[in-house]
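S.K.: File work23.txt follows (compact mmCIF, C-alpha atoms):
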# COMPACT_ATOMS: atom_id res chain seq x y z
CA MET C 1065 120.93 194.40 132.47
CA PRO C 1066 119.53 191.26 134.13
CA LEU C 1067 119.07 188.15 132.01
CA PRO C 1068 115.54 187.78 130.57
CA CYS C 1069 113.13 185.37 132.16
CA ARG C 1070 112.23 182.40 129.92
CA GLN C 1071 108.94 180.52 129.95
CA GLN C 1072 108.72 177.07 128.32
CA LEU C 1073 105.47 176.38 126.43
CA ARG C 1074 104.18 173.26 124.65
CA PRO C 1075 104.42 173.35 120.83
CA GLY C 1076 100.68 173.61 120.10
CA PRO C 1077 99.16 176.85 121.46
CA ASN C 1078 102.30 178.95 121.61
CA ARG C 1079 101.25 181.77 119.32
CA GLN C 1080 97.85 182.08 121.03
CA ARG C 1081 99.52 182.04 124.43
CA LEU C 1082 101.87 184.79 123.28
CA ARG C 1083 98.94 187.02 122.35
CA GLN C 1084 97.26 186.35 125.70
CA LEU C 1085 100.39 187.21 127.63
CA GLY C 1086 100.92 190.32 125.54
CA SER C 1087 97.43 191.57 126.23
CA THR C 1088 97.36 190.78 129.97
CA LYS C 1089 100.86 191.73 131.04
CA LYS C 1090 101.42 195.29 132.24
CA ARG C 1091 103.41 197.15 129.61
CA LYS C 1092 104.91 200.61 129.28
CA LYS C 1093 102.88 203.42 127.73
CA GLY C 1094 103.02 203.59 123.94
CA TYR C 1095 104.12 199.95 123.34
CA ALA C 1096 101.97 197.18 121.87
CA PRO C 1097 102.80 193.43 121.82
CA SER C 1098 103.85 191.77 118.59
CA THR C 1099 105.34 188.36 117.68
CA ARG C 1100 108.10 187.99 115.12
CA PRO C 1101 109.95 184.86 113.98
CA LEU C 1102 113.50 184.61 115.28
CA VAL C 1103 114.67 182.78 112.12
CA LYS C 1104 113.08 183.50 108.77
CA GLY C 1105 110.98 180.56 107.59
CA SER C 1106 110.91 178.90 111.04
CA ASN C 1107 108.47 178.77 113.94
CA LEU C 1108 111.00 179.91 116.54
CA CYS C 1109 109.50 183.16 117.85
CA PHE C 1110 110.07 185.97 120.37
CA LEU C 1111 107.43 188.27 121.78
CA PHE C 1112 108.38 191.85 120.84
CA VAL C 1113 106.70 195.04 122.06
CA LYS C 1114 106.32 197.64 119.33
CA HIS C 1115 106.11 201.36 120.02
CA LYS C 1116 103.17 202.83 118.16
CA TYR C 1117 104.89 206.17 117.37
CA THR C 1118 108.58 205.39 116.85
CA ASN C 1119 108.05 201.94 115.33
CA SER C 1120 110.88 200.63 117.53
CA PHE C 1121 110.89 197.28 119.37
CA ARG C 1122 111.66 196.38 122.94
CA VAL C 1123 111.79 192.99 124.60
CA PRO C 1124 110.43 193.18 128.15
CA CYS C 1125 112.28 190.75 130.41
CA SER C 1126 109.06 189.38 131.85
CA LEU C 1127 107.57 188.70 128.38
CA LEU C 1128 110.47 186.96 126.62
CA ILE C 1129 109.04 183.64 125.47
CA ILE C 1130 110.62 181.09 123.15
CA SER C 1131 108.18 179.09 121.04
CA TYR C 1132 109.11 175.80 119.32
CA SER C 1133 106.29 174.65 117.07
CA GLY C 1134 108.41 173.16 114.30
CA SER C 1135 111.93 172.85 112.92
CA ALA C 1136 113.82 175.15 110.62
CA PRO C 1137 114.02 174.02 107.01
CA HIS C 1138 117.12 171.90 106.23
CA ARG C 1139 119.69 173.63 104.10
CA PRO C 1140 122.56 171.24 103.23
CA ARG C 1141 125.97 172.77 103.73
CA ARG C 1142 128.59 172.81 101.02
CA PRO C 1143 131.43 170.34 101.75
CA ARG C 1144 134.54 172.07 103.02
CA HIS C 1145 136.74 170.77 100.22
CA ALA C 1146 134.19 170.75 97.41
CA THR C 1147 135.57 171.81 94.08
CA SER C 1148 133.55 174.23 91.99
CA PRO C 1149 132.96 173.24 88.39
CA PRO C 1150 134.81 175.34 85.82
CA PRO C 1151 132.94 178.39 84.48
CA GLY C 1152 130.47 177.33 81.85
CA GLY C 1153 131.18 173.65 82.59
CA ASP C 1154 129.46 170.93 84.55
CA GLN C 1155 130.46 168.81 87.54
CA SER C 1156 131.35 165.85 85.31
CA ALA C 1157 134.23 167.88 83.85
CA ILE C 1158 136.16 167.56 87.15
CA ALA C 1159 138.51 164.57 86.79
CA PRO C 1160 139.66 162.73 89.94
CA MET C 1161 143.35 162.81 90.77
CA PRO C 1162 145.13 159.72 89.33
CA LEU C 1163 146.59 157.28 91.84
CA PRO C 1164 150.36 156.80 91.99
CA THR C 1165 151.71 153.54 90.60
CA MET C 1166 153.57 150.99 92.71
CA THR C 1167 155.82 148.51 90.89
CA HIS C 1168 156.39 144.94 92.08
CA SER C 1169 158.99 142.46 90.89
CA SER C 1170 160.23 139.02 91.93
CA SER C 1171 163.70 139.55 90.44
CA PHE C 1172 165.16 138.84 93.88
CA LEU C 1173 164.48 135.15 93.11
CA LEU C 1174 166.75 135.21 90.03
CA PRO C 1175 170.26 133.83 90.64
CA SER C 1176 171.63 136.32 88.08
CA PRO C 1177 169.06 139.02 87.37
CA PRO C 1178 169.28 141.02 84.10
CA ALA C 1179 171.14 144.33 84.25
CA GLU C 1180 167.95 146.42 84.41
CA ALA C 1181 166.45 144.24 87.15
CA ALA C 1182 169.77 144.18 88.98
CA ALA C 1183 169.93 147.98 88.97
CA ALA C 1184 166.38 148.17 90.37
CA ALA C 1185 167.21 145.52 92.96
CA ASP C 1186 170.28 147.47 94.07
CA ALA C 1187 168.01 150.39 95.00
CA VAL C 1188 165.98 148.11 97.30
CA ALA C 1189 167.07 147.36 100.86
CA TYR C 1190 166.14 143.74 101.57
CA ALA C 1191 165.59 142.16 104.96
CA VAL C 1192 164.90 138.47 105.55
CA ILE C 1193 162.79 136.91 108.31
CA VAL C 1194 162.87 133.15 108.95
CA LEU C 1195 159.73 131.68 110.55
CA ASN C 1196 159.20 128.28 112.14
CA GLN C 1197 158.54 126.35 108.93
CA ARG C 1198 160.72 124.36 106.54
CA LEU C 1199 163.19 126.54 104.66
CA PRO C 1200 162.33 127.02 100.97
CA ARG C 1201 164.89 125.82 98.44
CA PHE C 1202 165.94 129.41 97.61
CA ALA C 1203 166.64 130.40 101.24
CA SER C 1204 170.42 130.68 100.68
CA LEU C 1205 169.93 132.98 97.69
CA LEU C 1206 167.63 135.36 99.57
CA TRP C 1207 169.96 135.30 102.58
CA THR C 1208 172.79 136.66 100.43
CA ARG C 1209 170.43 139.30 98.93
CA ALA C 1210 169.50 140.68 102.36
CA GLN C 1211 171.30 143.33 104.39
CA LEU C 1212 169.46 142.42 107.60
CA ARG C 1213 168.53 138.87 108.71
CA VAL C 1214 166.21 138.03 111.61
CA CYS C 1215 164.88 134.73 112.96
CA ALA C 1216 161.50 134.62 114.64
CA ASP C 1217 162.00 132.44 117.72
CA GLY C 1218 161.59 128.85 116.41
CA GLY C 1219 162.79 130.02 113.01
CA ALA C 1220 166.30 129.81 114.48
CA ASN C 1221 165.82 126.04 114.82
CA ARG C 1222 164.82 125.85 111.13
CA LEU C 1223 167.88 127.85 110.13
CA PHE C 1224 170.18 125.73 112.31
CA ASP C 1225 168.83 122.44 110.94
CA GLY C 1226 167.84 123.44 107.41
CA MET C 1227 170.83 125.35 106.03
CA PRO C 1228 173.23 122.37 106.21
CA GLU C 1229 170.60 120.32 104.34
CA LEU C 1230 170.61 122.90 101.52
CA HIS C 1231 174.43 122.63 101.32
CA PRO C 1232 175.21 118.90 101.35
CA GLY C 1233 178.85 118.00 101.26
CA GLU C 1234 179.87 121.00 103.37
CA ASP C 1235 180.73 121.00 107.06
CA PRO C 1236 177.44 121.73 108.93
CA ASP C 1237 179.03 124.03 111.51
CA GLU C 1238 180.76 126.06 108.79
CA VAL C 1239 177.42 126.44 107.00
CA ARG C 1240 175.73 127.52 110.25
CA ALA C 1241 178.45 130.06 110.95
CA ARG C 1242 178.15 131.45 107.41
CA TYR C 1243 174.38 131.84 107.71
CA LYS C 1244 174.28 133.50 111.12
CA PRO C 1245 171.25 135.71 111.90
CA ASP C 1246 171.74 139.29 113.03
CA ALA C 1247 168.97 138.91 115.60
CA ILE C 1248 166.59 136.34 117.07
CA LYS C 1249 163.35 137.85 118.27
CA GLY C 1250 160.16 136.51 119.84
CA ASP C 1251 158.73 135.13 123.04
CA MET C 1252 161.48 132.43 123.15
CA ASP C 1253 159.10 129.54 123.78
CA SER C 1254 160.19 127.51 120.72
CA ILE C 1255 163.94 127.98 120.26
CA ARG C 1256 166.05 125.10 121.54
CA PRO C 1257 168.61 126.00 124.25
CA GLU C 1258 171.59 124.71 122.25
CA VAL C 1259 170.52 126.71 119.17
CA LYS C 1260 170.13 129.84 121.25
CA GLU C 1261 173.56 129.35 122.80
CA PHE C 1262 175.21 128.60 119.42
CA TYR C 1263 174.01 131.78 117.72
CA SER C 1264 174.50 133.88 120.83
CA ASN C 1265 178.17 132.83 120.90
CA LEU C 1266 178.46 133.94 117.26
CA GLY C 1267 177.22 137.40 118.18
CA ALA C 1268 173.55 137.20 117.23
CA LYS C 1269 171.35 139.60 119.20
CA ILE C 1270 168.79 137.76 121.33
CA VAL C 1271 165.65 139.83 121.98
CA ASP C 1272 163.22 138.20 124.44
CA GLU C 1273 159.74 139.70 124.21
CA SER C 1274 157.85 137.06 126.16
CA HIS C 1275 156.03 139.89 128.01
CA ASP C 1276 154.15 140.72 124.78
CA GLN C 1277 151.52 138.08 124.07
CA ASP C 1278 149.30 140.34 121.92
CA THR C 1279 151.43 140.22 118.77
CA THR C 1280 152.86 137.35 116.73
CA ASP C 1281 156.56 136.62 116.36
CA LEU C 1282 156.40 137.89 112.76
CA HIS C 1283 154.89 141.17 113.98
CA LYS C 1284 157.70 141.51 116.52
CA CYS C 1285 160.36 140.88 113.87
CA ILE C 1286 158.91 143.44 111.45
CA SER C 1287 158.71 146.02 114.23
CA PHE C 1288 162.39 145.33 114.97
CA ILE C 1289 163.33 145.81 111.30
CA THR C 1290 161.39 149.07 110.96
CA ARG C 1291 163.23 150.42 114.02
CA ASN C 1292 166.58 149.21 112.63
CA PRO C 1293 166.19 149.51 108.84
CA PRO C 1294 169.03 148.19 106.67
CA GLY C 1295 168.92 151.27 104.42
CA PRO C 1296 168.51 155.01 104.91
CA ASP C 1297 165.12 155.16 103.15
CA LYS C 1298 162.23 153.08 104.50
CA ALA C 1299 160.39 153.63 101.22
CA ASN C 1300 162.90 151.24 99.58
CA LEU C 1301 162.59 148.58 102.27
CA CYS C 1302 161.36 145.14 101.21
CA ILE C 1303 160.94 142.35 103.78
CA LEU C 1304 161.07 138.73 102.54
CA VAL C 1305 159.45 136.26 104.95
CA LEU C 1306 160.53 132.61 104.62
CA GLY C 1307 158.28 129.84 105.91
CA ALA C 1308 155.23 132.11 106.13
CA LEU C 1309 152.89 129.74 104.26
CA GLY C 1310 152.02 126.15 105.07
CA GLY C 1311 151.64 124.56 108.47
CA ARG C 1312 148.88 125.68 110.81
CA PHE C 1313 146.10 127.67 109.18
CA ASP C 1314 145.77 130.12 112.09
CA HIS C 1315 149.48 130.91 111.75
CA GLU C 1316 148.98 131.61 108.04
CA MET C 1317 146.07 133.94 108.78
CA GLY C 1318 148.12 135.71 111.44
CA ASN C 1319 150.91 136.22 108.89
CA ILE C 1320 148.46 137.64 106.32
CA ASN C 1321 147.04 139.95 108.99
CA VAL C 1322 150.53 141.39 109.47
CA LEU C 1323 150.46 142.51 105.81
CA TYR C 1324 147.50 144.71 106.69
CA ARG C 1325 149.05 145.90 109.96
CA PHE C 1326 152.13 147.13 108.05
CA SER C 1327 150.44 148.06 104.75
CA ASN C 1328 152.91 150.92 104.16
CA ILE C 1329 155.83 148.46 103.90
CA LYS C 1330 156.51 145.96 101.13
CA ILE C 1331 156.31 142.54 102.76
CA ILE C 1332 156.39 139.32 100.70
CA LEU C 1333 155.38 135.98 102.23
CA LEU C 1334 157.12 133.02 100.58
CA SER C 1335 157.03 129.26 100.48
CA ASP C 1336 158.38 126.75 97.97
CA GLU C 1337 155.08 126.80 96.08
CA SER C 1338 153.96 130.44 96.02
CA LEU C 1339 154.37 134.01 97.21
CA ILE C 1340 151.82 136.59 98.32
CA PHE C 1341 151.83 140.31 99.05
CA LEU C 1342 149.36 143.11 99.65
CA LEU C 1343 148.15 145.53 96.98
CA PRO C 1344 147.01 148.66 98.89
CA LYS C 1345 144.06 150.51 97.40
CA THR C 1346 146.02 153.78 97.65
CA HIS C 1347 147.97 152.87 94.48
CA ASN C 1348 147.66 151.43 91.03
CA HIS C 1349 149.86 148.35 90.81
CA GLU C 1350 152.25 147.24 88.09
CA ILE C 1351 153.36 143.64 88.64
CA LEU C 1352 156.33 142.56 86.52
CA VAL C 1353 156.12 138.82 85.96
CA ASP C 1354 159.22 136.78 85.10
CA GLN C 1355 157.75 133.57 83.74
CA SER C 1356 161.03 131.72 84.22
CA ILE C 1357 160.54 131.75 87.99
CA GLU C 1358 156.82 132.37 88.61
CA GLY C 1359 153.37 131.69 87.24
CA PRO C 1360 151.27 130.93 85.42
CA HIS C 1361 148.66 130.50 88.17
CA CYS C 1362 147.71 133.55 90.18
CA GLY C 1363 144.90 135.04 92.24
CA LEU C 1364 143.47 138.29 93.58
CA ILE C 1365 141.70 137.95 96.90
CA PRO C 1366 139.74 140.61 98.85
CA MET C 1367 140.82 139.49 102.32
CA GLY C 1368 140.17 142.64 104.33
CA MET C 1369 136.83 143.75 102.92
CA PRO C 1370 134.75 143.33 99.74
CA SER C 1371 135.83 145.13 96.61
CA SER C 1372 133.07 146.83 94.64
CA SER C 1373 135.33 147.65 91.68
CA SER C 1374 138.54 145.90 90.59
CA THR C 1375 140.12 146.14 87.14
CA THR C 1376 143.09 144.23 85.70
CA THR C 1377 145.06 143.79 82.51
CA GLY C 1378 147.53 141.04 81.62
CA LEU C 1379 145.44 138.12 82.93
CA ARG C 1380 143.58 135.49 80.95
CA TRP C 1381 140.37 136.35 82.78
CA ASN C 1382 140.65 140.06 83.47
CA LEU C 1383 138.44 141.97 85.86
CA ASP C 1384 136.53 144.96 84.51
CA ASN C 1385 135.12 147.07 87.37
CA THR C 1386 134.24 143.71 88.91
CA SER C 1387 132.88 143.22 92.42
CA MET C 1388 134.63 140.61 94.59
CA SER C 1389 133.82 139.31 98.05
CA TYR C 1390 133.73 136.18 100.14
CA GLY C 1391 130.42 134.54 99.42
CA GLY C 1392 130.63 135.97 95.89
CA LEU C 1393 133.29 136.10 93.20
CA VAL C 1394 136.95 135.62 94.18
CA SER C 1395 139.61 135.55 91.45
CA THR C 1396 141.48 132.30 92.07
CA SER C 1397 143.17 129.92 89.58
CA ASN C 1398 143.62 132.79 87.12
CA ILE C 1399 146.42 132.69 84.55
CA VAL C 1400 149.11 135.27 83.81
CA ASP C 1401 149.17 135.94 80.05
CA ASP C 1402 151.53 138.90 79.90
CA LYS C 1403 154.84 139.99 81.36
CA LYS C 1404 153.10 142.91 83.07
CA VAL C 1405 149.91 142.79 85.11
CA MET C 1406 148.09 146.00 86.06
CA VAL C 1407 145.67 146.07 89.01
CA THR C 1408 143.42 148.86 90.26
CA SER C 1409 140.87 148.39 93.05
CA ASP C 1410 138.81 150.34 95.56
CA SER C 1411 139.84 147.84 98.25
CA ASP C 1412 143.10 146.29 99.46
CA LEU C 1413 143.73 142.99 97.66
CA ILE C 1414 146.05 140.04 98.21
CA TRP C 1415 148.08 139.07 95.15
CA THR C 1416 149.36 135.50 94.96
CA ILE C 1417 151.30 133.73 92.22
CA SER C 1418 152.75 130.25 91.95
CA LEU C 1419 156.52 129.74 91.90
CA ARG C 1420 158.29 127.49 89.42
CA ASN C 1421 160.71 124.82 90.62
CA HIS C 1422 164.07 126.51 90.35
CA THR C 1423 167.24 126.65 92.44
Kindly present the structure from the file in C-alpha cells form.
M.R.:
Amino acid sequence: MPLPCRQQLRPGPNRQRLRQLGSTKKRKKGYAPSTRPLVKGSNLCFLFVKHKYTNSFRVPCSLLIISYSGSAPHRPRRPRHATSPPPGGDQSAIAPMPLPTMTHSSSFLLPSPPAEAAAAADAVAYAVIVLNQRLPRFASLLWTRAQLRVCADGGANRLFDGMPELHPGEDPDEVRARYKPDAIKGDMDSIRPEVKEFYSNLGAKIVDESHDQDTTDLHKCISFITRNPPGPDKANLCILVLGALGGRFDHEMGNINVLYRFSNIKIILLSDESLIFLLPKTHNHEILVDQSIEGPHCGLIPMGMPSSSSTTTGLRWNLDNTSMSYGGLVSTSNIVDDKKVMVTSDSDLIWTISLRNHT
C-alpha cells in the first residue's frame, strides 16, 4: 500500500479545512468524512471516513491530514529509580541510605605510636613525595614510614641538601645514601645535574616527562605511585606530600587541585606548620585528633564549590547544617575540643589543622 499523502496546514483553521476537504473530495460510496483526535485530550487529528452502514473507518490516502492546533497535556513521568512508599505509609517514611564513614588519623607523625594506632598504621601502605620546598623537621620519620619514595624534579635538590641538615654530626654522603629516592619524576627543569647523577648512580629511577606540560610535577608523581602502588590494595594507600605548602601561591593552589583530581586516594599535604587533606562528600568523616602532635587550630574550607549543608561535632564552633562559600561563611581559626571530630557535608571540603612543634 503506498504511503499516505500529507498536507501541512496552519494551526488556526485546521478543523474547518478538514470539513471542507471531506465534503469536496471524491469519496467511495457509503463513506462519510469524520475527524477524530489522534491522541485523547489533544488537538492532533486525522480525517477519517466513516461507513454509514458498517460503522467502520477508512483513511483515504488523498485525505490524510495532520492538524496541530495545540500541544498534548504534560504528564510527568515517574523517575526510573523512584521508590514507592510502603503500603499505608507516606513518602517521608523512606529514609536515605547512610553514607559510609572514612577514618583519618595523623598517627604517622608519632615517633612511637600506641599499639592500636600502630596496628592501624601497619594496614596502611604509605608513599612519600618530596616537592621543591624546604624539608619539614619530621621528613626523616615519614621517610622510614614509607614503602615507596619519590622526588618531584627539584624535590631531589631539597632531599640532597636538606637531609644532611636534619642529621648534623653524620657524614653527609652517608645520609644521602641512606635516604635515596626510589624514583625522580617530572619535567627535569629544576634538578641540578650533579644531584641527578648522584641518585642515578645509587639506582634511583629517573623518569623524564618534559613532554607533558599540562600537569604539575606532583600530579606526575601521584600518577606514578598509583601505577606502582607499594601495597596490594589501593584502598589502603596513603600518600604523604612534603613541601606542598608555602612558597609560591600558584604552586599551593596547584597542589590543592591535585587533591580533587585524585579524590579517591588519601593524599595529605604537609609543611612544618600544618597539614591538609580532602574530605569527599561521598563519605562521613571521622577525624582522630592526637593533641600531642596537632591542633588546636583547624579549618573547613569549601574550595571546590559552595556547601549548602555542613555539620560537625568535636569543634568549639560546630556547624549545624550550615552553608559555607567564598564570599560568605568559611570555617577558619576554629578550635578542636575533642579527640574525635565528625564531619558531614553535601560538598567536598578541605580539612586543615595546625601541627605542634615536635621532632
S.K.: Quick one, how far is atom CA of Trp1207 of chain C from atom CA of Met1227 of chain C?
M.R.: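 Going from atom CA of Trp1207 of chain C over to atom CA of Met1227 of chain C, I get 10.6 Å.
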S.K.: Smallest atom-to-atom distance to Lys1403 of chain C: which of C:Asn1321, C:Gln1355, C:Ser1387, C:Cys1362, using all atoms listed in the file?
M.R.: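 Among the listed residues, the smallest separation from Lys1403 of chain C belongs to C:Gln1355.
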S.K.: Just the residues within 12 Å of Thr1208 of chain C, please, counting all atoms listed in the file, with nothing from its chain fewer than 2 positions along; format it as a compact mmCIF listing (two decimals) with C-alpha atoms, in the frame of the given file.
M.R.:
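Below you can see out_3.txt, which holds the result:
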# COMPACT_ATOMS: atom_id res chain seq x y z
CA PHE C 1172 165.16 138.84 93.88
CA LEU C 1173 164.48 135.15 93.11
CA PRO C 1175 170.26 133.83 90.64
CA TYR C 1190 166.14 143.74 101.57
CA ALA C 1191 165.59 142.16 104.96
CA VAL C 1192 164.90 138.47 105.55
CA PHE C 1202 165.94 129.41 97.61
CA ALA C 1203 166.64 130.40 101.24
CA SER C 1204 170.42 130.68 100.68
CA LEU C 1205 169.93 132.98 97.69
CA LEU C 1206 167.63 135.36 99.57
CA ALA C 1210 169.50 140.68 102.36
CA GLN C 1211 171.30 143.33 104.39
CA LEU C 1212 169.46 142.42 107.60
CA ARG C 1213 168.53 138.87 108.71
CA ARG C 1242 178.15 131.45 107.41
CA TYR C 1243 174.38 131.84 107.71
CA LYS C 1244 174.28 133.50 111.12
CA PRO C 1245 171.25 135.71 111.90
S.K.: Can you work out which one of C:Asp1314, C:Asn1348, C:Gly1359, C:Val1188 has the shortest atom-to-atom distance to Ser1374 of chain C, counting only C-alpha atoms?
M.R.: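 Nearest to Ser1374 of chain C: C:Asn1348.
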S.K.: Which residue gives the smallest distance to Met1406 of chain C among C:Cys1285, C:Leu1223, C:Leu1333, C:Ile1351, with all atoms listed in the file counted?
M.R.: C:Ile1351
S.K.: Taking all listed atoms of segment 1403-1421 of chain C, build the axis-aligned box, pad each of the six sides by 5 Å, then write its centre and edge lengths in Å to one decimal as AutoDock Vina command-line options.
M.R.:
--center_x 149.8 --center_y 137.6 --center_z 90.4 --size_x 31.9 --size_y 35.5 --size_z 28.1
S.K.: For the atom pair atom CA of Asp1354 of chain C and atom CA of Gln1197 of chain C, what is the interatomic distance in Å to one decimal place?
M.R.: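 Separating atom CA of Asp1354 of chain C from atom CA of Gln1197 of chain C is a distance of 26.0 Å.
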S.K.: Using only C-alpha atoms, which of C:Glu1234, C:Glu1261, C:Asp1410, C:Asp1297 sits nearest Leu1163 of chain C?
M.R.: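 Among C:Glu1234, C:Glu1261, C:Asp1410, C:Asp1297, it is C:Asp1410 that comes nearest to Leu1163 of chain C.
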S.K.: For the atom pair atom CA of Glu1316 of chain C and atom CA of Arg1380 of chain C, what is the interatomic distance in Å to one decimal place?
M.R.: 27.9 Å
S.K.: Of the candidates C:Pro1257, C:Gly1368, C:Pro1360, C:Pro1294, which shows the shortest atom-to-atom distance to Leu1419 of chain C, using all atoms listed in the file?
M.R.: C:Pro1360
S.K.: Which one of C:Leu1301, C:Ala1268, C:Leu1195, C:Ile1320 sits closest to Ala1216 of chain C if you count all atoms listed in the file?
M.R.: C:Leu1195
S.K.: Skip Leu1323 of chain C itself and residues of its chain fewer than 3 positions away, then list as a PyMOL selection string all residues within 9 Å of it, counting all atoms listed in the file.
M.R.: chain C and resi 1319-1320+1326-1333+1341-1342
S.K.: Could you save the residues just selected, with C-alpha atoms, as a PDB file, keeping the file's coordinate frame?
M.R.:
ATOM      1  CA  ASN C1319     150.910 136.220 108.890  1.00  0.00           C
ATOM      2  CA  ILE C1320     148.460 137.640 106.320  1.00  0.00           C
ATOM      3  CA  PHE C1326     152.130 147.130 108.050  1.00  0.00           C
ATOM      4  CA  SER C1327     150.440 148.060 104.750  1.00  0.00           C
ATOM      5  CA  ASN C1328     152.910 150.920 104.160  1.00  0.00           C
ATOM      6  CA  ILE C1329     155.830 148.460 103.900  1.00  0.00           C
ATOM      7  CA  LYS C1330     156.510 145.960 101.130  1.00  0.00           C
ATOM      8  CA  ILE C1331     156.310 142.540 102.760  1.00  0.00           C
ATOM      9  CA  ILE C1332     156.390 139.320 100.700  1.00  0.00           C
ATOM     10  CA  LEU C1333     155.380 135.980 102.230  1.00  0.00           C
ATOM     11  CA  PHE C1341     151.830 140.310  99.050  1.00  0.00           C
ATOM     12  CA  LEU C1342     149.360 143.110  99.650  1.00  0.00           C
TER      13      LEU C1342
END
S.K.: As a list in words, please: the residues near His1275 of chain C (cut-off 10 Å, all atoms listed in the file, same-chain neighbours under 3 positions excluded).
M.R.: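 That gives Gly1250, Asp1251, Asp1272 and Asp1278 of chain C.
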